[in-house]
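See below for the structure under consideration.
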Amino acid sequence: MTILIPPECATSARIDLDHTSGDEIVARIRPDRDDPVFAGHYPGFPLLPGVYIVEYVHRAVLAAVPSAILAELVSCRFLRTIDLDDELVVSIRCDGGLYRGAVAVSGVPAAEVVLRYQEGDG
Amino acid sequence: MLDRDDIRRLIPHRPPMLLVDRVSELVPRRRLVGSYTVTGPRPLPAVLLLESWGQAALVLIRHDRPMPDVLTDGVPIAGAFEGIRFGRPVLPGETVEHRVELIRLIADTGFVRGESVIGTEVVMQVGRLVGAVRPAAALRPAVLAGVSDVKEST
């Protein structure tokens, strides 16, 4: 049966906050291999969508600042692909209203994501 | 001018991650207007709105070189996003229209920009998206070959 409902988007990934202190957030994230998204992205070649990386950083911010409302993905660079078995470490620094996230796998940089939230929520 | 079946013949995304329903306007190598209707019970997450827009952009880039199967045709991957501004959420039942403009195409790396609208209301602005196509065999587990480092020569 064809499922036409879009995925919840990364909600089943496991996100553990390591710590939040002042202007820093560190979280560990494990993608969910059973996420239905991989049936369609792509058939026979499951690949973590790039936008999932952005969502992981956003969710790490939300875990620390639940009221934050995303206003802008200021920038994002993908530096390498991420295997579904990889554990991602997201280190986020709040810098003048921007949240700068560095995503790494086994200490190797995988992506850089900068997010801006609505005034008063970030 | 293109429906969902046509789009499936052009790009490799499949349900539940096929997020373009229709293309109503396509000027080769220049611009495209496509749309997607939210069928789920909840608002479309912001990043999936961006994914949907990106798929419309891929249709523009590859309409004359279909790539329905990543194993034989290559894998579309995102290299970079810049200046993606989000407005209000797209709600269940709403149809969002994607407007895509091709800035430049260098080999298999495309630079695109545009916006998503509902009626006259802009719900997302896309400053720039850089996307590329890589052979499946080269992607796993290889480091991306500097996709985001490709400079746009203007």
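Ordered as shown in the structure tokens, chains take letters A, B, and onward, while each chain numbers its residues from 1 and ligands are numbered from 1 in the order shown.
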Using only C-alpha atoms, find each residue in chain B having at least one atom no more than 9 Å away from chain A; report its shortest atom-to-atom pair and that distance in Å (one decimal), rows by chain then rising number, as a Markdown table.
| residue | atom | partner | partner_atom | distance |
| --- | --- | --- | --- | --- |
| B:Pro12 | CA | A:Tyr42 | CA | 6.8 |
| B:His13 | CA | A:Gly40 | CA | 5.5 |
| B:Arg14 | CA | A:Gly40 | CA | 4.1 |
| B:Pro15 | CA | A:Gly40 | CA | 5.2 |
| B:Pro16 | CA | A:Pro6 | CA | 5.1 |
| B:Met17 | CA | A:Gly40 | CA | 5.2 |
| B:Leu18 | CA | A:Gly40 | CA | 7.0 |
| B:Leu19 | CA | A:Pro6 | CA | 7.5 |
| B:Val38 | CA | A:Pro6 | CA | 7.8 |
| B:Thr39 | CA | A:Ile5 | CA | 5.7 |
| B:Gly40 | CA | A:Ile5 | CA | 4.7 |
| B:Pro41 | CA | A:Ile5 | CA | 8.1 |
| B:Arg42 | CA | A:Glu8 | CA | 8.6 |
| B:Leu44 | CA | A:Pro6 | CA | 8.1 |
| B:Pro45 | CA | A:Cys9 | CA | 7.2 |
| B:Ala46 | CA | A:Leu70 | CA | 8.3 |
| B:Val47 | CA | A:Val51 | CA | 5.6 |
| B:Leu48 | CA | A:Val51 | CA | 7.2 |
| B:Leu50 | CA | A:Val51 | CA | 7.6 |
| B:Glu51 | CA | A:Val51 | CA | 6.7 |
| B:Asp69 | CA | A:Pro43 | CA | 7.9 |
| B:Val70 | CA | A:Tyr42 | CA | 7.2 |
| B:Leu71 | CA | A:Phe45 | CA | 7.4 |
| B:Val75 | CA | A:Tyr42 | CA | 8.6 |
| B:Ile77 | CA | A:Gly50 | CA | 7.3 |
| B:Ala78 | CA | A:Gly50 | CA | 6.0 |
| B:Gly79 | CA | A:Phe78 | CA | 5.3 |
| B:Ala80 | CA | A:Arg77 | CA | 4.5 |
| B:Phe81 | CA | A:Cys76 | CA | 5.0 |
| B:Glu82 | CA | A:Ser75 | CA | 4.3 |
| B:Gly83 | CA | A:Val74 | CA | 4.7 |
| B:Ile84 | CA | A:Leu73 | CA | 4.9 |
| B:Arg85 | CA | A:Glu72 | CA | 4.3 |
| B:Phe86 | CA | A:Ala71 | CA | 5.3 |
| B:Gly87 | CA | A:Ala71 | CA | 7.2 |
| B:Ala136 | CA | A:Phe45 | CA | 8.1 |
| B:Leu139 | CA | A:Thr81 | CA | 7.1 |
| B:Arg140 | CA | A:Thr81 | CA | 7.7 |
| B:Pro141 | CA | A:Thr81 | CA | 7.1 |
| B:Ala142 | CA | A:Thr81 | CA | 7.3 |
| B:Val143 | CA | A:Arg80 | CA | 4.7 |
| B:Leu144 | CA | A:Arg80 | CA | 4.7 |
| B:Ala145 | CA | A:Arg80 | CA | 8.0 |
| B:Gly146 | CA | A:Leu79 | CA | 6.8 |
| B:Val147 | CA | A:Leu79 | CA | 7.6 |
| B:Ser148 | CA | A:Arg77 | CA | 5.9 |
| B:Asp149 | CA | A:Arg77 | CA | 8.7 |
Next item on the list: Per DSSP on the backbone, filter region 30-73 of chain A down to the residues in strand (DSSP E or B) and report them as a list in words.
Entry: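 In region 30-73 of chain A, DSSP puts these residues in strand (DSSP E or B): Arg30, Leu70, Ala71, Glu72 and Leu73 of chain A.
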Item checked: Point-to-point distance from CA of Leu105 (chain B) to CA of Pro109 (chain A), Å rounded to tenths ->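 Atom-to-atom, CA of Leu105 (chain B) and CA of Pro109 (chain A) are spaced 27.0 Å apart.
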Item checked: Secondary structure check, alpha helix (DSSP H) residues of chain A, as an MDAnalysis selection string -> chainID A and resid 50:64
Selected residues, N, CA and C atoms, written as an mmCIF file, in the first residue's frame, please.
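Writing done, so here's result.cif:
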data_model
loop_
_atom_site.group_PDB
_atom_site.id
_atom_site.type_symbol
_atom_site.label_atom_id
_atom_site.label_comp_id
_atom_site.auth_asym_id
_atom_site.auth_seq_id
_atom_site.Cartn_x
_atom_site.Cartn_y
_atom_site.Cartn_z
ATOM 1 N N GLY A 50 19.618 15.399 3.853
ATOM 2 C CA GLY A 50 20.362 16.529 4.401
ATOM 3 C C GLY A 50 19.519 17.369 5.343
ATOM 4 N N VAL A 51 18.238 17.521 5.021
ATOM 5 C CA VAL A 51 17.388 18.349 5.886
ATOM 6 C C VAL A 51 17.204 17.717 7.269
ATOM 7 N N TYR A 52 17.416 16.400 7.378
ATOM 8 C CA TYR A 52 17.350 15.768 8.701
ATOM 9 C C TYR A 52 18.465 16.290 9.611
ATOM 10 N N ILE A 53 19.622 16.557 9.029
ATOM 11 C CA ILE A 53 20.725 17.087 9.839
ATOM 12 C C ILE A 53 20.328 18.446 10.417
ATOM 13 N N VAL A 54 19.703 19.263 9.571
ATOM 14 C CA VAL A 54 19.215 20.562 10.034
ATOM 15 C C VAL A 54 18.185 20.353 11.150
ATOM 16 N N GLU A 55 17.296 19.377 10.951
ATOM 17 C CA GLU A 55 16.259 19.110 11.954
ATOM 18 C C GLU A 55 16.877 18.641 13.273
ATOM 19 N N TYR A 56 17.924 17.843 13.199
ATOM 20 C CA TYR A 56 18.576 17.381 14.435
ATOM 21 C C TYR A 56 19.121 18.564 15.235
ATOM 22 N N VAL A 57 19.773 19.490 14.547
ATOM 23 C CA VAL A 57 20.318 20.655 15.248
ATOM 24 C C VAL A 57 19.174 21.482 15.852
ATOM 25 N N HIS A 58 18.109 21.655 15.061
ATOM 26 C CA HIS A 58 16.931 22.395 15.536
ATOM 27 C C HIS A 58 16.357 21.721 16.786
ATOM 28 N N ARG A 59 16.256 20.402 16.756
ATOM 29 C CA ARG A 59 15.672 19.689 17.898
ATOM 30 C C ARG A 59 16.573 19.756 19.127
ATOM 31 N N ALA A 60 17.866 19.784 18.913
ATOM 32 C CA ALA A 60 18.784 19.942 20.048
ATOM 33 C C ALA A 60 18.576 21.315 20.691
ATOM 34 N N VAL A 61 18.356 22.343 19.845
ATOM 35 C CA VAL A 61 18.060 23.678 20.385
ATOM 36 C C VAL A 61 16.746 23.635 21.151
ATOM 37 N N LEU A 62 15.732 22.978 20.562
ATOM 38 C CA LEU A 62 14.420 22.905 21.215
ATOM 39 C C LEU A 62 14.498 22.172 22.562
ATOM 40 N N ALA A 63 15.384 21.163 22.626
ATOM 41 C CA ALA A 63 15.510 20.421 23.876
ATOM 42 C C ALA A 63 15.996 21.338 24.995
ATOM 43 N N ALA A 64 16.804 22.330 24.620
ATOM 44 C CA ALA A 64 17.333 23.260 25.611
ATOM 45 C C ALA A 64 16.452 24.498 25.760
#
Notebook entry, point to check: Which one of B:Pro28, B:Gly110, B:Pro92, B:Gly34 sits closest to His63 (chain B) if you count only C-alpha atoms?
Noted result: B:Pro28
